[in-house]
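Worksheet for the structure shown next.
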Amino acid sequence: MTWWAKPVRFILAAWVLTGSPARAEAPGVFAITKGTVHTVSGADLAAGTVVIRDGLIEAVGSNVTVPAEATVIDATGRHVYPGLFDAQTSLGFSATKKIDPDAAFMAAEHLELTESDLDARRSRGVTTVLTAPRSGIFNGQSAVLNLGTVQGSSRIVRSPAAFQISFNTRPSGTYPSSSMGVVALIRQTFLDAQQQSAARTVYDRAPAGQRRPQLDPALDALAPAIRRDLPVVFIADSEQAIRRARRLATDGNVRAVISGARQGYRLGTELKDTPVLVSVDWAAAPARREDREEQPLRVIRDRQLAPTTPAVLAKNGVQFALVSGSAKASEFVSGIRKAITNGLSPADALRAVTLTPARIFGVDRQLGSLDRGKIANVIITDRPIFDSGAKVSRMFIDGREIRLQEAKDAALDSPIDGTWNLSVRTAQGDVTIIVTLEAESGHVSGTFSGDKGSGDIAGGTFNKLALQFTISTQSDAEASDWVFRGTITDDSIEGTVSTTLGSFPFTGSRPR
Amino acid sequence: MSTFMRQIAVVLVFSAAIVTTAQERVVVIRDATILPVTSAPIARGTIVIRGSKIAAVGPSATVAIPAGAKVIDGTGKHVMPGIIDTHSHSAVQGAVNEGSIPNSGMVRISDDLDPEDISVYRQLAGGTTMALVLHGSANAIGGQSQILKWKWGRPIDEWMLADAPRTIKFALGENPKSANSRLPAGVERPYPLTRMGVTEVVRSAFTDARDYMARWEEYEARRKRNEDVIPPRRDLLMETMADILRGRIDVHAHCYRSDEIVMLLNLAKEQGFKIRELQHVLEGYKVAREIAAAGAGAGTFIDWWGYKAEAYDAIPYNVALMQRAGVLTSVNSDSDELARHLNQDAAKAMKYGGLSEDEALRLATINGAKQLRIDHRVGSIEVGKDADVVIWTGHPLSTMSRVETTFIEGEIYFDRTQDLAMRQERAREKAERLVKESK
């Protein structure tokens, strides 16, 4: 298949989804009335009406006639928004399942969604994401998709949406194993793509007497990038990585989007000509005071200034979106809230998770605001969406109502995720160990620190409420493994630790 | 006023402003002992720095102090040019080696720099103002290196000298051959395994580069005849090799043993390129005449030896012996730590081999500048050169002396008094920030 056939296919899929009223599960007609309507594209409406029909927004306004056949939703005292668009995720690509994409890799064709993945995003108000894997250097071509209940490619809004590049090194002994090698490889690849395109042009014109250009899917796939038709998203967090990405984009004559950008606060106006996706995955301070005090000022300062990035970009007129990036789904809205407490206005924040990302990825005629004719991705919240404690009460994706379930929501983030202060009662006295855990499909990863040194935990498993993991203690004369086995009840944990010196009981709680 | 006239007026106002500010920043160091390095020491001398350049230098009686200048009293102090370290790996963010392939000439150290490397600031406190930041020695032909001024606190682009030559690292001997290297389990030993293989990698690279250049020449010729031909691939590795042959990239080669040094000099002659500087070159004294005849420089340690098999025959007289044989020699660090006191290594060359004070000072300044081909700008205190100068409490060749102030292009990048004040300020900021997080 040639490179252009795929987007056409998905455009068709999107058309079938939104344009055909004959589908078995018709989306229906809804009228959301009397709520505060945040259109994003225009002024807020104090008591507005949004009419949804057959998957699209039919009308938005203060004086809209409610169709007789509509299911009326009284949103008095509530807030109505376009669904949030999280424009940098790797939803549908497991971190544990290794894939090795290249520029021809189409995220839309390989993503594997689970109900819990979708619930985790939707319960926070997210109706649309951009996704691509994060492995490899050329991560492939990302897709914009709606998180509704429709199956398969029907949920795709745009594919390909962009190319994506990460500065990931390869393992030792494989080129490129260094960051500078990664840059060299990207630079060479852009040159090769240009050469490939030039060679095809010349060969098509004058094939006689010339060797035909070789078929190279990964290179041919890059044609829309070097023609500047599709943007190239560079995952770049630090000031140096951002500068490096911009240099590469200039040299390769591609349209750059910077993603991550947590040191964007240092660059301000310099980013004026480059769209930025700021990841709200803000660094957390170490739990223990001693650990915080040990850190150099540079690290502390950077950690505290990073969340000012969105406000700095807004002040400098830089086009930016807020994205979860490497953060977990549950941290998206709280991360946005942190940007707001660091100087970003709630209105700018809202735009940065709706219309702006839609513009950056060329889907702003389809979504990103409450406007007639757009895809009916609509959410209703009980108070302004970025207020602490705000809950999404109703949600429509592609005009279908999504059932949001609290219980399911709670199960999404495993109850063991986060930091625990563990206290082990050994024969020699109490030992304090702090662990930070994260569970994914039964496997637990994380780090430990405290009285017995620090490092990564090993052999972590989590099943129902039973947790097990091992730490390699370092403060004894010789290293030894401590195996923790425990059970979680709400916000506490208890169990036993097996060591070479015997078994000891331990208890744990969340740090206050 | 017409728009055109208004634009002219704006331009005039702006250029006047630029001239004024440049004129305003005049710094004078007066009545110090000046060690210009390329000329005799001046017992009671004065230096005038205007903007980024040295505007005047001479005995205090002969140098007028411009009105409005910031005057630093140098009585009892010594002033020397900033130290130039021709072998550094400081300010590199990630790995210094792209060691996965025998020839990584397409990679550039400049793509992965870290201007916040604290080592850079510490080197400023030791009077080092610039360095050649090299790729590592894991492969026969390493990556492209970068000449940087230690402009701590400035954006990295400002550290690079626009008119400095491009450079590349070659490496011979134990490091690029993989026979003894420790590898992760299951990884096959990569080529080359032997010294012979290292030579072959270098030779083949230039043979390939000439083929590559010929393909491009043929293409350009056919284009001139208006033929519609497909251009050859633009290969960044081959471009690098071709630029070495064209004399646009200088070669700095890591080496130890005399046999491999002679091999490389012969190979360079055979292939038609030049070795600008031999790095480490611990057995250089054995073949100093050959090195001098080839016009290669030598950058070495004064008294590091025996740390690996190929370093057993090193002697501390190496520097003096090479220098006496006519080899342009510098002392360099290959170390964040040593880079902080290269003045002391230069001094050791007086003890081992009896170099004069001036000769010793040159090892850390102008000789390195010449090896990097930037001596028109740096390496000595001369009118018209960059104002990269360092004020010392005493003679810089004494272990008792320490740096008071380090200037790069007329700006202060280290000052002991400022540093002490800054420590308190930083402690206060850190305490304040920690309070924020304890809530």
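We label chains A, B, ... in the order they appear in the structure tokens, count residues from 1 in each chain, and number ligands from 1 in the order shown.
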
Which residues are close to Glu174 (chain B), i.e. within 8 Å by only C-alpha atoms, leaving aside same-chain residues fewer than 6 positions away? Reply as a PyMOL selection string. chain B and resi 180+195+310

Mind writing the picked residues with N, CA and C atoms as a PDB file, in the first residue's frame?
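Okay, out16.pdb is ready:
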```pdb
ATOM      1  N   ASN B 180      40.372  -7.450  24.310  1.00  0.00           N
ATOM      2  CA  ASN B 180      40.388  -7.546  25.771  1.00  0.00           C
ATOM      3  C   ASN B 180      39.219  -6.826  26.431  1.00  0.00           C
ATOM      4  N   ARG B 195      45.390  -4.631  16.602  1.00  0.00           N
ATOM      5  CA  ARG B 195      45.956  -3.359  16.121  1.00  0.00           C
ATOM      6  C   ARG B 195      45.950  -3.321  14.585  1.00  0.00           C
ATOM      7  N   GLU B 310      49.821  -0.535  27.773  1.00  0.00           N
ATOM      8  CA  GLU B 310      50.469   0.327  26.784  1.00  0.00           C
ATOM      9  C   GLU B 310      50.982   1.630  27.402  1.00  0.00           C
TER      10      GLU B 310
END
```

Counting only C-alpha atoms, what is within 6 Å of region 130-146 of chain B, bar same-chain residues fewer than 2 positions away, as a PDB file with N, CA and C atoms, in the first residue's frame?
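Saved result, around_37.pdb, follows:
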```
ATOM      1  N   ILE B  84      44.282  26.417  28.312  1.00  0.00           N
ATOM      2  CA  ILE B  84      43.558  25.708  27.252  1.00  0.00           C
ATOM      3  C   ILE B  84      43.823  24.217  27.404  1.00  0.00           C
ATOM      4  N   ASP B  85      42.761  23.459  27.604  1.00  0.00           N
ATOM      5  CA  ASP B  85      42.881  22.015  27.813  1.00  0.00           C
ATOM      6  C   ASP B  85      42.553  21.319  26.495  1.00  0.00           C
ATOM      7  N   THR B  86      43.557  20.693  25.899  1.00  0.00           N
ATOM      8  CA  THR B  86      43.315  20.099  24.573  1.00  0.00           C
ATOM      9  C   THR B  86      42.779  18.661  24.645  1.00  0.00           C
ATOM     10  N   HIS B  87      42.443  18.205  25.852  1.00  0.00           N
ATOM     11  CA  HIS B  87      41.820  16.868  25.926  1.00  0.00           C
ATOM     12  C   HIS B  87      40.833  16.837  27.071  1.00  0.00           C
ATOM     13  N   SER B  88      39.577  17.058  26.743  1.00  0.00           N
ATOM     14  CA  SER B  88      38.533  17.112  27.770  1.00  0.00           C
ATOM     15  C   SER B  88      37.331  16.275  27.343  1.00  0.00           C
ATOM     16  N   HIS B  89      36.635  15.781  28.359  1.00  0.00           N
ATOM     17  CA  HIS B  89      35.323  15.165  28.106  1.00  0.00           C
ATOM     18  C   HIS B  89      34.267  15.832  28.987  1.00  0.00           C
ATOM     19  N   VAL B  96      30.230   9.394  26.052  1.00  0.00           N
ATOM     20  CA  VAL B  96      31.233  10.077  25.217  1.00  0.00           C
ATOM     21  C   VAL B  96      31.649   9.201  24.040  1.00  0.00           C
ATOM     22  N   ASN B  97      31.188   7.953  24.053  1.00  0.00           N
ATOM     23  CA  ASN B  97      31.535   7.046  22.966  1.00  0.00           C
ATOM     24  C   ASN B  97      30.305   6.607  22.197  1.00  0.00           C
ATOM     25  N   GLY B  99      30.351   3.727  20.580  1.00  0.00           N
ATOM     26  CA  GLY B  99      31.306   2.636  20.427  1.00  0.00           C
ATOM     27  C   GLY B  99      30.748   1.425  19.703  1.00  0.00           C
ATOM     28  N   PRO B 102      33.011   0.568  14.342  1.00  0.00           N
ATOM     29  CA  PRO B 102      34.445   0.913  14.339  1.00  0.00           C
ATOM     30  C   PRO B 102      34.722   2.331  13.846  1.00  0.00           C
ATOM     31  N   ASN B 103      33.805   2.903  13.079  1.00  0.00           N
ATOM     32  CA  ASN B 103      33.992   4.269  12.585  1.00  0.00           C
ATOM     33  C   ASN B 103      32.704   5.049  12.839  1.00  0.00           C
ATOM     34  N   SER B 104      32.751   5.987  13.786  1.00  0.00           N
ATOM     35  CA  SER B 104      31.548   6.767  14.101  1.00  0.00           C
ATOM     36  C   SER B 104      31.755   8.233  13.753  1.00  0.00           C
ATOM     37  N   GLY B 105      32.436   8.462  12.637  1.00  0.00           N
ATOM     38  CA  GLY B 105      32.755   9.832  12.223  1.00  0.00           C
ATOM     39  C   GLY B 105      31.550  10.714  11.938  1.00  0.00           C
ATOM     40  N   VAL B 107      29.012  11.082  14.032  1.00  0.00           N
ATOM     41  CA  VAL B 107      28.440  11.653  15.247  1.00  0.00           C
ATOM     42  C   VAL B 107      29.225  12.884  15.678  1.00  0.00           C
ATOM     43  N   ARG B 108      28.548  13.750  16.375  1.00  0.00           N
ATOM     44  CA  ARG B 108      29.155  15.006  16.799  1.00  0.00           C
ATOM     45  C   ARG B 108      28.938  15.210  18.298  1.00  0.00           C
ATOM     46  N   ILE B 109      30.017  15.427  18.989  1.00  0.00           N
ATOM     47  CA  ILE B 109      29.929  15.755  20.422  1.00  0.00           C
ATOM     48  C   ILE B 109      29.024  16.979  20.625  1.00  0.00           C
ATOM     49  N   THR B 128      41.185  27.511  33.912  1.00  0.00           N
ATOM     50  CA  THR B 128      40.981  26.931  32.572  1.00  0.00           C
ATOM     51  C   THR B 128      39.796  27.637  31.908  1.00  0.00           C
ATOM     52  N   LEU B 148      35.406  24.383  22.777  1.00  0.00           N
ATOM     53  CA  LEU B 148      34.445  25.178  23.546  1.00  0.00           C
ATOM     54  C   LEU B 148      35.148  26.138  24.494  1.00  0.00           C
ATOM     55  N   LYS B 149      34.589  27.318  24.619  1.00  0.00           N
ATOM     56  CA  LYS B 149      34.993  28.214  25.705  1.00  0.00           C
ATOM     57  C   LYS B 149      34.084  27.916  26.884  1.00  0.00           C
ATOM     58  N   TRP B 150      34.630  27.936  28.067  1.00  0.00           N
ATOM     59  CA  TRP B 150      33.854  27.574  29.260  1.00  0.00           C
ATOM     60  C   TRP B 150      32.975  28.739  29.709  1.00  0.00           C
ATOM     61  N   THR B 167      37.068  19.326  14.344  1.00  0.00           N
ATOM     62  CA  THR B 167      38.055  18.324  14.751  1.00  0.00           C
ATOM     63  C   THR B 167      37.394  16.960  14.868  1.00  0.00           C
ATOM     64  N   ILE B 168      38.231  15.916  14.831  1.00  0.00           N
ATOM     65  CA  ILE B 168      37.715  14.558  15.029  1.00  0.00           C
ATOM     66  C   ILE B 168      38.714  13.765  15.846  1.00  0.00           C
ATOM     67  N   LYS B 169      38.189  12.785  16.561  1.00  0.00           N
ATOM     68  CA  LYS B 169      39.032  11.919  17.385  1.00  0.00           C
ATOM     69  C   LYS B 169      39.286  10.610  16.675  1.00  0.00           C
ATOM     70  N   PHE B 170      40.583  10.221  16.572  1.00  0.00           N
ATOM     71  CA  PHE B 170      40.955   8.877  16.166  1.00  0.00           C
ATOM     72  C   PHE B 170      41.492   8.184  17.418  1.00  0.00           C
ATOM     73  N   ALA B 171      41.525   6.867  17.415  1.00  0.00           N
ATOM     74  CA  ALA B 171      42.109   6.165  18.564  1.00  0.00           C
ATOM     75  C   ALA B 171      42.812   4.896  18.109  1.00  0.00           C
ATOM     76  N   ASN B 175      42.128   0.469  23.336  1.00  0.00           N
ATOM     77  CA  ASN B 175      40.704   0.846  23.430  1.00  0.00           C
ATOM     78  C   ASN B 175      39.887   0.500  22.187  1.00  0.00           C
ATOM     79  N   PRO B 176      40.347   0.833  20.997  1.00  0.00           N
ATOM     80  CA  PRO B 176      39.504   0.517  19.832  1.00  0.00           C
ATOM     81  C   PRO B 176      39.530  -0.949  19.418  1.00  0.00           C
ATOM     82  N   VAL B 198      42.666  -2.145  13.484  1.00  0.00           N
ATOM     83  CA  VAL B 198      42.472  -0.704  13.691  1.00  0.00           C
ATOM     84  C   VAL B 198      43.038   0.065  12.489  1.00  0.00           C
TER      85      VAL B 198
END
```

Compute the set of chain B residues within 7 Å of chain A, using only C-alpha atoms, and express it as a VMD selection string. chain B and resid 94 to 95 97 to 101 106 to 109 111 to 112 228 to 231 233 to 234 236 430

Can you pull out the residues contacting Ile471 (chain A)? Cut-off 7 Å, using only C-alpha atoms, and skip same-chain residues under 5 positions away; I want them as a list in words. Ile457, Ala458, Asp481, Trp482 and Val483 of chain A

Using the chain letters and numbers from this document, which residues of region 80-321 of chain B does DSSP assign to helix (DSSP H, G or I), as a VMD selection string? chain B and resid 109 to 111 118 to 124 156 to 159 195 to 224 236 to 245 258 to 271 284 to 294 309 to 311 318 to 321
